[in-house]
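A.B. asks: Here it is: the structure, laid out below.
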Amino acid sequence: MLRSRYRRITFFFARVFIGLIFWELVLPFLRFRNLTTQTRKDRLRKIAVQFRSLATDMGGVMIKVGQFLSSRVDVLPEEITKELADLQDEVAPENFEDIRQIAETELGASLSECFLEFDPEPLAAASLGQVHRAKLHKPVNGFDQVVVKVQRPNIETIIQTDLAALETVGRWIRRFRPISKRANVPALLKEFSDITFEEIDYLAEGENAETFAANFKDRPGVKVPKVVWAHTTKRVLTLENVLAIKITDYESIAAAGISKAEVAQRLFETYLQQIFEDGFFHADPHPGNLFVTPVPNEIESSKQNWTLTFVDFGMVGKVSPNLRAGLREMAIGIGTQNPDRVINSFQMLGVLFPEADTERIKELIVSEFERFGGKSMAELQQIQFDEMRELAIEYRDLIVDMPFQMPAKLLFFFRCVGILSGMCTGLNPDFNAWKGIEPYTKKIIAEETTKNWHYWLQELGTYGLTIIRLPRRLDTVLNKMERGDMAVNTPSLNQYAARIEKSTRRITNAVVFAVLFFSAVQLYLAEELTFGMILLIGSIIPLWRIIFPGRRT
């Protein structure tokens, strides 16, 4: 392990966490909410600048984290995404002699023996490796222009160090009960670790590229580079050169006469196929891995004047049959705005806690469908804050309890969906996921109803039992009303009482913290350093109880 690297990463996150806790939790409790709000943009921008500097200087896994954050333009504030946008192309390249040594050792021959030309200037420098243009001595499969991807020196040790640092940060997060209750942090980190180590196996990446190409062989408009296996090893990967217009180069896309809205739609549709049909998806769709390739008129086919080109298949996701069934159920529920099927999909995916109040969640989903269903991203961004606040107040019990958890098997799926959402929104601010998923939903339903007779039996059985039970249930209700035994079950009252008690404890701790902290400041200004330090240390106890209230009876 690289000790200095480990300490640098953990110290950075510790400083960020302490700052966020102080500004976003402590000061609002002390009635300084306006100060928190006024300084938030500058503080977030400063954190993003510091993280970008850390990531570009260190590379490794930190770049992966930054790439994910920079793509979340639909969720994260502009202060963060704008500062991290350049992180996609800001990785410093390795010394070419080090790259040459790795490549020649892996290939068992000099670069001049393997390639007619090899550009020493890197075409792209990624977090785990870098890419160089080259030319083969003889064409293979109709091409001789290739790109050669070579791993960075000592990359395995760097990854091990970064993951160890993230594991330490994860242990800190686990102490924060609202997160530890909803996510198995060790399992999530293990999933991330496994995928990252798979990403540095270039033989597996080559096989992934061929699998992806086979899945889209019958679909025009999607291109995947071919693998040159004669010049590929575990640490060196040689591919057909298919680089073109970067998917976030909006001006070049428009200049080529290509509709950005069509690019967003095709990108969205390809992922619907990958996730719901193929069960195998490109899990790292950041802008450096996606290109728009104009097709010359003389070779235009099927009226396609451009192709969507995927590269870098080191990080892929595999959807098991059970997981795919849950995701298909979710797609149908969202596409048809059926809250029962959405909740059923949550249960199939293991997202809901077993004790979750599904009826209350159903009410929230119906309300969201009524307020936001069918709106484009541009329309959603115009929603007034008051409307969001009304929804939060109406369902504050669910928002406080948050009966959801994050299964480890869905980590990279949600990461992929998050990046994809940001990219589609960047290409087309009016992108409407509701309309995009509707045709696919109809297709899935048609498959269910035409191929699966169990579907019809299940639906008929459900409605039949409801009709049969209705008279008996009505009679039971009327009898209870006559006897005066009718009772209304309101489990939320106990939850409200518990939250009031918890809030009282936190306010008390906040007052104690404020008294000790400001007294320490006054003593420090009066040069009573010893007593000031004692009170400052004492203020840590109520502050800790505010942040980590723990379990109480």
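How things are named: the first chain in the structure tokens is A, the next is B, and so on; residues count from 1 in each chain; ligands count from 1 in the order shown.
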Give me, as a PyMOL selection string, the residues of region 72-206 of chain A that a backbone DSSP run labels strand (DSSP E or B).
C.D. replies: chain A and resi 115-125+129-140+143-151+183
A.B. asks: Give me the residues near region 161-173 of chain A as a list in words, where near means some atom within 8 Å (using only C-alpha atoms) and where sequence neighbours in that chain fewer than 2 positions away do not count.
C.D. replies: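 With the cut-off at 8 Å, the set is Met1, Leu2, Arg3, Arg5, Tyr6, Arg7, Ile9, Thr10, Phe13, Ala14, Gly60, Val61, Met62, Thr157, Ile158, Ile159, Arg175, Phe176, Ile179, Ser180, Val185, Pro186, Leu189 and Ser193 of chain A.
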A.B. asks: For the residues in the current selection, export C-alpha atoms as an mmCIF file, in the first residue's frame.
C.D. replies:
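This went into part.cif:
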data_model
loop_
_atom_site.group_PDB
_atom_site.id
_atom_site.type_symbol
_atom_site.label_atom_id
_atom_site.label_comp_id
_atom_site.auth_asym_id
_atom_site.auth_seq_id
_atom_site.Cartn_x
_atom_site.Cartn_y
_atom_site.Cartn_z
ATOM 1 C CA MET A 1 0.000 0.000 0.000
ATOM 2 C CA LEU A 2 1.138 3.544 -0.790
ATOM 3 C CA ARG A 3 0.848 5.107 2.673
ATOM 4 C CA ARG A 5 -1.474 8.321 -1.029
ATOM 5 C CA TYR A 6 -3.799 6.615 1.449
ATOM 6 C CA ARG A 7 -3.401 9.413 4.005
ATOM 7 C CA ILE A 9 -7.297 10.621 0.249
ATOM 8 C CA THR A 10 -8.661 9.958 3.736
ATOM 9 C CA PHE A 13 -12.701 13.283 2.701
ATOM 10 C CA ALA A 14 -12.437 13.794 6.458
ATOM 11 C CA GLY A 60 -6.619 5.966 -10.216
ATOM 12 C CA VAL A 61 -10.054 5.366 -8.726
ATOM 13 C CA MET A 62 -10.463 9.059 -7.848
ATOM 14 C CA THR A 157 -1.032 -1.098 -6.204
ATOM 15 C CA ILE A 158 -2.644 2.292 -6.830
ATOM 16 C CA ILE A 159 -6.102 0.722 -7.055
ATOM 17 C CA ARG A 175 -21.509 5.339 11.708
ATOM 18 C CA PHE A 176 -24.153 7.636 10.251
ATOM 19 C CA ILE A 179 -26.996 5.747 5.547
ATOM 20 C CA SER A 180 -25.965 2.489 7.235
ATOM 21 C CA VAL A 185 -21.654 -0.111 2.665
ATOM 22 C CA PRO A 186 -19.129 -3.014 2.814
ATOM 23 C CA LEU A 189 -17.510 -1.262 -1.731
ATOM 24 C CA SER A 193 -13.746 -3.241 -5.944
#
A.B. asks: Would you list, as a PyMOL selection string, the residues of region 191-434 of chain A that end up in alpha helix (DSSP H) under DSSP run on this structure's backbone?
C.D. replies: chain A and resi 191-199+202-215+250-255+260-273+321-335+339-349+358-372+377-381+385-394+396-401+411-427+433-434
A.B. asks: Report as an MDAnalysis selection string all protein, DNA and RNA residues lying within 8 Å of Gln130 (chain A), evaluated on only C-alpha atoms, omitting residues in the same chain fewer than 6 positions from it.
C.D. replies: chainID A and resid 93:94 122:124 149:152
A.B. asks: Which residue is closest to His282 (chain A)? Choose from A:Gly221, A:Gly66, A:Gly314, A:Pro120 and count only C-alpha atoms.
C.D. replies: A:Gly314
